[in-house]
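Q: First, the structure itself, so that you have it in front of you.
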Amino acid sequence: MLNPNLDEIQLTKDDYERYSRHLILPEVGMEGQKRLKAASVLCIGTGGLGSPLLLYLAAAGIGRIGIVDFDVVDTSNLQRQVIHGTSWVGKPKIESAKNRIHEINPYCQVDLYETRLSSENALDIIKPYDIVVDGTDNFPTRYLVNDACVLLDKPNVYGSIFRFEGQATVFNYEGGPNYRDLYPEPPPPGMVPSCAEGGVLGILPGIIGVIQATETVKIITKQGNTLSGRLLLYNALEMKFRELKLRPNPIRPVIEKLIDYEQFCGIPQAKAEEAKQQMEIAEMTVKELKELLDGGAKDFVLLDVRNPHEYDIAKIPGSVLVPLPDIENGDGVAKVKEILNGHRLIAHCKMGGRSAKALGILKEAGIVGTNVKGGITAWSREVDPSVPEY
């Protein structure tokens with residue numbers, strides 16, 4: 001409760017010892033620690049951002065924490081999702097998170113929601129909590145969380161990360177702006193790469209997640225100035241913080257109900273267009289490619305459209321690198337024509353999406369090719385396990 005009856009909240013002997021460093025802070029003290037114990041916080045996601053903020057919220061003494069996630073722990077998560085451990089690979093993230101939280105603070109009530117947050121369940125899940133912390137990594141869920149918080153009048157502590165940069169703020173707090181004031185419309189699907197496509201410095205979500213945890217504690221204890229109305233931007237490479245002012249947009253649409261956020265963000269339309277393009281482009285499996293290579297066929301060029309640093313990690317023998325960005329800006333098209341020299345074209349990327357896009361561009365330039373379904377990931381899994389999977 002953000003305004004609890006503090007006379008009803010009692011600290012135990014263990015609380016006094018556990019939170020002694022809080023209790024001697026004048027800005028926290030007995031009153032602040034009671035507020036933390038009475039508070040309930042819902043965290044959407046237990047990934048890069050959710051991991052550090054859950055650890056620190058539990059350690060701070062939040063009485064009730066809810067976690068929404070439907071994913072399982074993957075080895076690739078461990079580079080940044082520090083709440084999970086190797087022994088939890090293949091198991092539900094929410095169970096892993098709960099186990100770690102209770103190692104830090106066995107007195108914290110942890111509610112688990114092993115489900116995808118949707119327009120059908122968001123209001124019911126969010127309603128019992130005082131504050132929502134958004135640790136998601138996709139636009140449909142961010143808009144969903146924002147709109148649900150607006151409808152329920154809940155503070156929304158926001159963070160996002162990509163490569164070496166992150167941002168954080170507090171939405172929908174004390175009349176301040178919400179997510180739609182920062183991003184009135186979502187970007188076109190595929191314009192902003194995911195961390196799986198673009199990468200992320202493993203330390204970065206720790207910094208942004210801790211900022212989110214700090215803002216949450218400040219809201220609960222009613223101390224300091226929150227980031228409401230301010231967007232904090234962080235660049236890890238430059239080790240610089242910048243701040244932008246945010247204000248409510250007086251002409252923004254009124255949020256009256258939850259909508260279909262996949263549709264709002266253009267996901268179905270993009271998938272339909274992608275499926276249409278893929279239908280127009282011939283495909284082959286990695287096993288069929290292996291047969292061609294083993295058979296010594298010389299009538300084709302195997303084009304790799306990934307980025308150079310990905311090519312350094314793993315490559316299919318005999319492939320030639322022409323990155324997709326070069327094909328998109330036109331320089332790569334001429335290079336591909338030169339490389340082909342009358343041979344047929346077979347293209348691949350990490351999982352098949354970028355190579356399909358490249359072949360679509362090349363087709364407009366009169367170059368027809370075949371896409372390797374599943375890309376080098378499928379090659380690693382089905383043909384040659386010695387090729388690193390990343």
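Note on naming: chains are A, B, ... as they come in the structure tokens, residues start from 1 per chain, ligands start from 1 in the order shown.
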Could you please write out, as an NGL selection string, every residue of range 107-236 of chain A that DSSP assigns to helix (DSSP H, G or I)?
A: :A and (122-126 or 139-152 or 179-182 or 195-198 or 204-221)
Q: Set the distance at 12 Å and use only C-alpha atoms: which residues neighbour Ile313 in chain A once local chain neighbours fewer than 6 positions away are removed? I'd like the list as a ChimeraX atom specification.
A: /A:306-307,350,376-377,386-390
Q: Limited to C-alpha atoms, could you put the picked residues into a file as a compact mmCIF listing (two decimals), in the first residue's frame?
A:
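Once everything was written out, this is result.txt:
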# COMPACT_ATOMS: atom_id res chain seq x y z
CA ARG A 306 24.91 -11.48 -41.37
CA ASN A 307 27.13 -8.80 -39.85
CA LYS A 350 21.31 -16.55 -38.44
CA ILE A 376 23.23 -21.12 -39.53
CA THR A 377 21.34 -21.90 -36.32
CA SER A 386 30.79 -28.02 -33.80
CA VAL A 387 29.61 -24.72 -35.31
CA PRO A 388 28.97 -22.40 -32.33
CA GLU A 389 25.35 -21.42 -31.71
CA TYR A 390 25.01 -17.86 -30.47
Q: Do you know which residues are at most 8 Å from range 323-333 of chain A counting only C-alpha atoms, after dropping those on the same chain fewer than 5 positions away, and could you put them as a PyMOL selection string?
A: chain A and resi 304-308+354-355+358+361-362+365
Q: Would you output that residue set with N, CA and C atoms, as a short mmCIF file (atom, residue, chain, number, x, y, z; two decimals), in the first residue's frame?
A:
data_model
loop_
_atom_site.label_atom_id
_atom_site.label_comp_id
_atom_site.auth_asym_id
_atom_site.auth_seq_id
_atom_site.Cartn_x
_atom_site.Cartn_y
_atom_site.Cartn_z
N ASP A 304 26.25 -15.21 -47.26
CA ASP A 304 25.97 -14.98 -45.84
C ASP A 304 25.69 -13.49 -45.67
N VAL A 305 24.50 -13.13 -45.18
CA VAL A 305 24.13 -11.70 -45.09
C VAL A 305 24.17 -11.18 -43.65
N ARG A 306 24.78 -11.95 -42.75
CA ARG A 306 24.91 -11.48 -41.37
C ARG A 306 25.95 -10.36 -41.27
N ASN A 307 26.13 -9.84 -40.07
CA ASN A 307 27.13 -8.80 -39.85
C ASN A 307 28.52 -9.42 -39.70
N PRO A 308 29.56 -8.66 -39.98
CA PRO A 308 30.92 -9.22 -39.95
C PRO A 308 31.30 -9.88 -38.62
N ARG A 354 16.67 -12.44 -42.11
CA ARG A 354 17.43 -11.41 -42.81
C ARG A 354 17.79 -11.85 -44.23
N SER A 355 18.09 -13.13 -44.40
CA SER A 355 18.43 -13.59 -45.75
C SER A 355 17.21 -13.54 -46.66
N ALA A 358 16.96 -9.99 -47.66
CA ALA A 358 17.99 -9.68 -48.65
C ALA A 358 17.60 -10.22 -50.04
N ILE A 361 15.10 -7.99 -51.73
CA ILE A 361 15.72 -6.81 -52.33
C ILE A 361 16.45 -7.18 -53.62
N LEU A 362 17.18 -8.28 -53.57
CA LEU A 362 17.93 -8.72 -54.75
C LEU A 362 17.01 -9.11 -55.89
N ALA A 365 16.15 -6.41 -58.01
CA ALA A 365 17.26 -6.03 -58.87
C ALA A 365 17.53 -7.08 -59.95
#
Q: Hey, what's within 8 Å of range 93-96 of chain A if we count only C-alpha atoms and toss same-chain stuff fewer than 5 positions away? As a ChimeraX atom specification, please?
A: /A:46,67-73,83-85,88,112-114
Q: Of the candidates A:Val200, A:Ile24, A:Val254, A:Ile207, which one gets nearest to Ser76 in chain A if we count only C-alpha atoms?
A: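 Of the candidates, the smallest distance to Ser76 in chain A is held by A:Val200.
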Q: Write out as a PyMOL selection string the residues lying within 9 Å of Leu54 in chain A, counting only C-alpha atoms and excluding same-chain residues fewer than 3 positions away.
A: chain A and resi 43+46+49-51+57-59+65+67+83+97+101+209+213
Q: Restricting the output to all heavy atoms, write the selected residues as a compact mmCIF listing (two decimals), in the first residue's frame.
A:
# COMPACT_ATOMS: atom_id res chain seq x y z
N CYS A 43 6.38 -7.10 -11.15
CA CYS A 43 7.43 -7.00 -12.15
C CYS A 43 7.03 -7.79 -13.38
O CYS A 43 6.74 -8.99 -13.30
CB CYS A 43 8.75 -7.55 -11.59
SG CYS A 43 10.10 -7.50 -12.78
N THR A 46 11.30 -11.40 -16.13
CA THR A 46 12.44 -11.73 -15.26
C THR A 46 13.70 -11.89 -16.10
O THR A 46 14.50 -12.80 -15.89
CB THR A 46 12.18 -13.03 -14.47
OG1 THR A 46 11.92 -14.09 -15.40
CG2 THR A 46 11.01 -12.89 -13.54
N LEU A 49 16.40 -6.82 -17.25
CA LEU A 49 15.98 -5.76 -16.33
C LEU A 49 15.34 -6.33 -15.07
O LEU A 49 15.60 -5.87 -13.96
CB LEU A 49 14.99 -4.82 -17.03
CG LEU A 49 15.55 -4.00 -18.18
CD1 LEU A 49 14.44 -3.25 -18.91
CD2 LEU A 49 16.59 -3.00 -17.68
N GLY A 50 14.50 -7.34 -15.24
CA GLY A 50 13.80 -7.91 -14.10
C GLY A 50 14.73 -8.54 -13.08
O GLY A 50 14.48 -8.50 -11.88
N SER A 51 15.85 -9.10 -13.55
CA SER A 51 16.76 -9.80 -12.65
C SER A 51 17.32 -8.90 -11.55
O SER A 51 17.15 -9.18 -10.37
CB SER A 51 17.91 -10.44 -13.44
OG SER A 51 17.46 -11.52 -14.21
N LEU A 57 14.76 -5.28 -4.92
CA LEU A 57 13.48 -5.03 -4.27
C LEU A 57 13.26 -6.02 -3.13
O LEU A 57 12.78 -5.66 -2.05
CB LEU A 57 12.34 -5.12 -5.28
CG LEU A 57 12.27 -4.00 -6.32
CD1 LEU A 57 11.09 -4.22 -7.26
CD2 LEU A 57 12.16 -2.63 -5.66
N ALA A 58 13.62 -7.28 -3.37
CA ALA A 58 13.50 -8.28 -2.31
C ALA A 58 14.42 -7.94 -1.15
O ALA A 58 14.02 -8.00 0.03
CB ALA A 58 13.83 -9.67 -2.86
N ALA A 59 15.66 -7.56 -1.45
CA ALA A 59 16.62 -7.23 -0.40
C ALA A 59 16.19 -5.99 0.38
O ALA A 59 16.47 -5.88 1.57
CB ALA A 59 18.00 -7.01 -1.01
N ILE A 65 5.84 -9.31 -3.83
CA ILE A 65 6.33 -9.13 -5.20
C ILE A 65 5.60 -10.11 -6.12
O ILE A 65 5.55 -11.30 -5.84
CB ILE A 65 7.85 -9.37 -5.29
CG1 ILE A 65 8.62 -8.30 -4.51
CG2 ILE A 65 8.31 -9.38 -6.75
CD1 ILE A 65 10.12 -8.52 -4.48
N ILE A 67 5.41 -11.62 -10.09
CA ILE A 67 6.28 -11.80 -11.26
C ILE A 67 5.45 -12.39 -12.39
O ILE A 67 4.79 -13.42 -12.22
CB ILE A 67 7.45 -12.75 -10.96
CG1 ILE A 67 8.22 -12.30 -9.71
CG2 ILE A 67 8.39 -12.82 -12.15
CD1 ILE A 67 9.29 -13.29 -9.28
N ILE A 83 19.67 -13.15 -11.96
CA ILE A 83 18.85 -13.82 -10.95
C ILE A 83 18.82 -15.33 -11.19
O ILE A 83 18.51 -16.11 -10.29
CB ILE A 83 17.42 -13.25 -10.93
CG1 ILE A 83 16.76 -13.53 -9.56
CG2 ILE A 83 16.56 -13.79 -12.06
CD1 ILE A 83 15.47 -12.75 -9.34
N ALA A 97 13.43 -17.32 -10.30
CA ALA A 97 13.43 -16.02 -9.62
C ALA A 97 12.91 -16.13 -8.19
O ALA A 97 13.48 -15.56 -7.26
CB ALA A 97 12.60 -15.02 -10.42
N ILE A 101 14.92 -15.13 -4.83
CA ILE A 101 14.36 -14.11 -3.95
C ILE A 101 14.27 -14.63 -2.53
O ILE A 101 14.62 -13.94 -1.56
CB ILE A 101 12.97 -13.65 -4.46
CG1 ILE A 101 13.13 -12.78 -5.70
CG2 ILE A 101 12.21 -12.89 -3.37
CD1 ILE A 101 11.84 -12.46 -6.41
N GLY A 209 18.21 -1.65 -14.51
CA GLY A 209 17.33 -2.32 -13.57
C GLY A 209 17.46 -1.80 -12.15
O GLY A 209 16.47 -1.65 -11.42
N ALA A 213 14.70 -0.10 -9.71
CA ALA A 213 14.48 -0.49 -8.32
C ALA A 213 14.58 0.72 -7.40
O ALA A 213 13.78 0.87 -6.45
CB ALA A 213 15.50 -1.56 -7.91
Q: As a tab-separated table (two decimals) with all heavy atoms, in the first residue's frame, please: the residues near Leu237 in chain A (cut-off 8 Å, only C-alpha atoms, same-chain neighbours under 2 positions excluded).
A:
chain	number	residue	atom	x	y	z
A	164	PHE	N	24.61	-0.81	-26.02
A	164	PHE	CA	25.34	-0.14	-24.94
A	164	PHE	C	24.53	1.00	-24.33
A	164	PHE	O	25.07	1.78	-23.56
A	164	PHE	CB	26.68	0.41	-25.46
A	164	PHE	CG	27.64	-0.66	-25.89
A	164	PHE	CD1	27.68	-1.09	-27.21
A	164	PHE	CD2	28.51	-1.25	-24.98
A	164	PHE	CE1	28.56	-2.08	-27.62
A	164	PHE	CE2	29.40	-2.24	-25.38
A	164	PHE	CZ	29.43	-2.65	-26.70
A	235	ASN	N	24.59	6.03	-21.68
A	235	ASN	CA	25.47	5.47	-22.70
A	235	ASN	C	26.67	4.85	-21.99
A	235	ASN	O	27.50	5.57	-21.42
A	235	ASN	CB	25.93	6.56	-23.68
A	235	ASN	CG	26.76	6.01	-24.83
A	235	ASN	OD1	27.66	5.19	-24.63
A	235	ASN	ND2	26.47	6.46	-26.04
A	239	MET	N	30.10	6.36	-20.88
A	239	MET	CA	29.86	6.55	-19.45
A	239	MET	C	29.27	7.94	-19.19
A	239	MET	O	29.77	8.75	-18.41
A	239	MET	CB	31.14	6.34	-18.64
A	239	MET	CG	30.89	6.18	-17.13
A	239	MET	SD	29.61	4.98	-16.71
A	239	MET	CE	30.40	3.43	-17.15
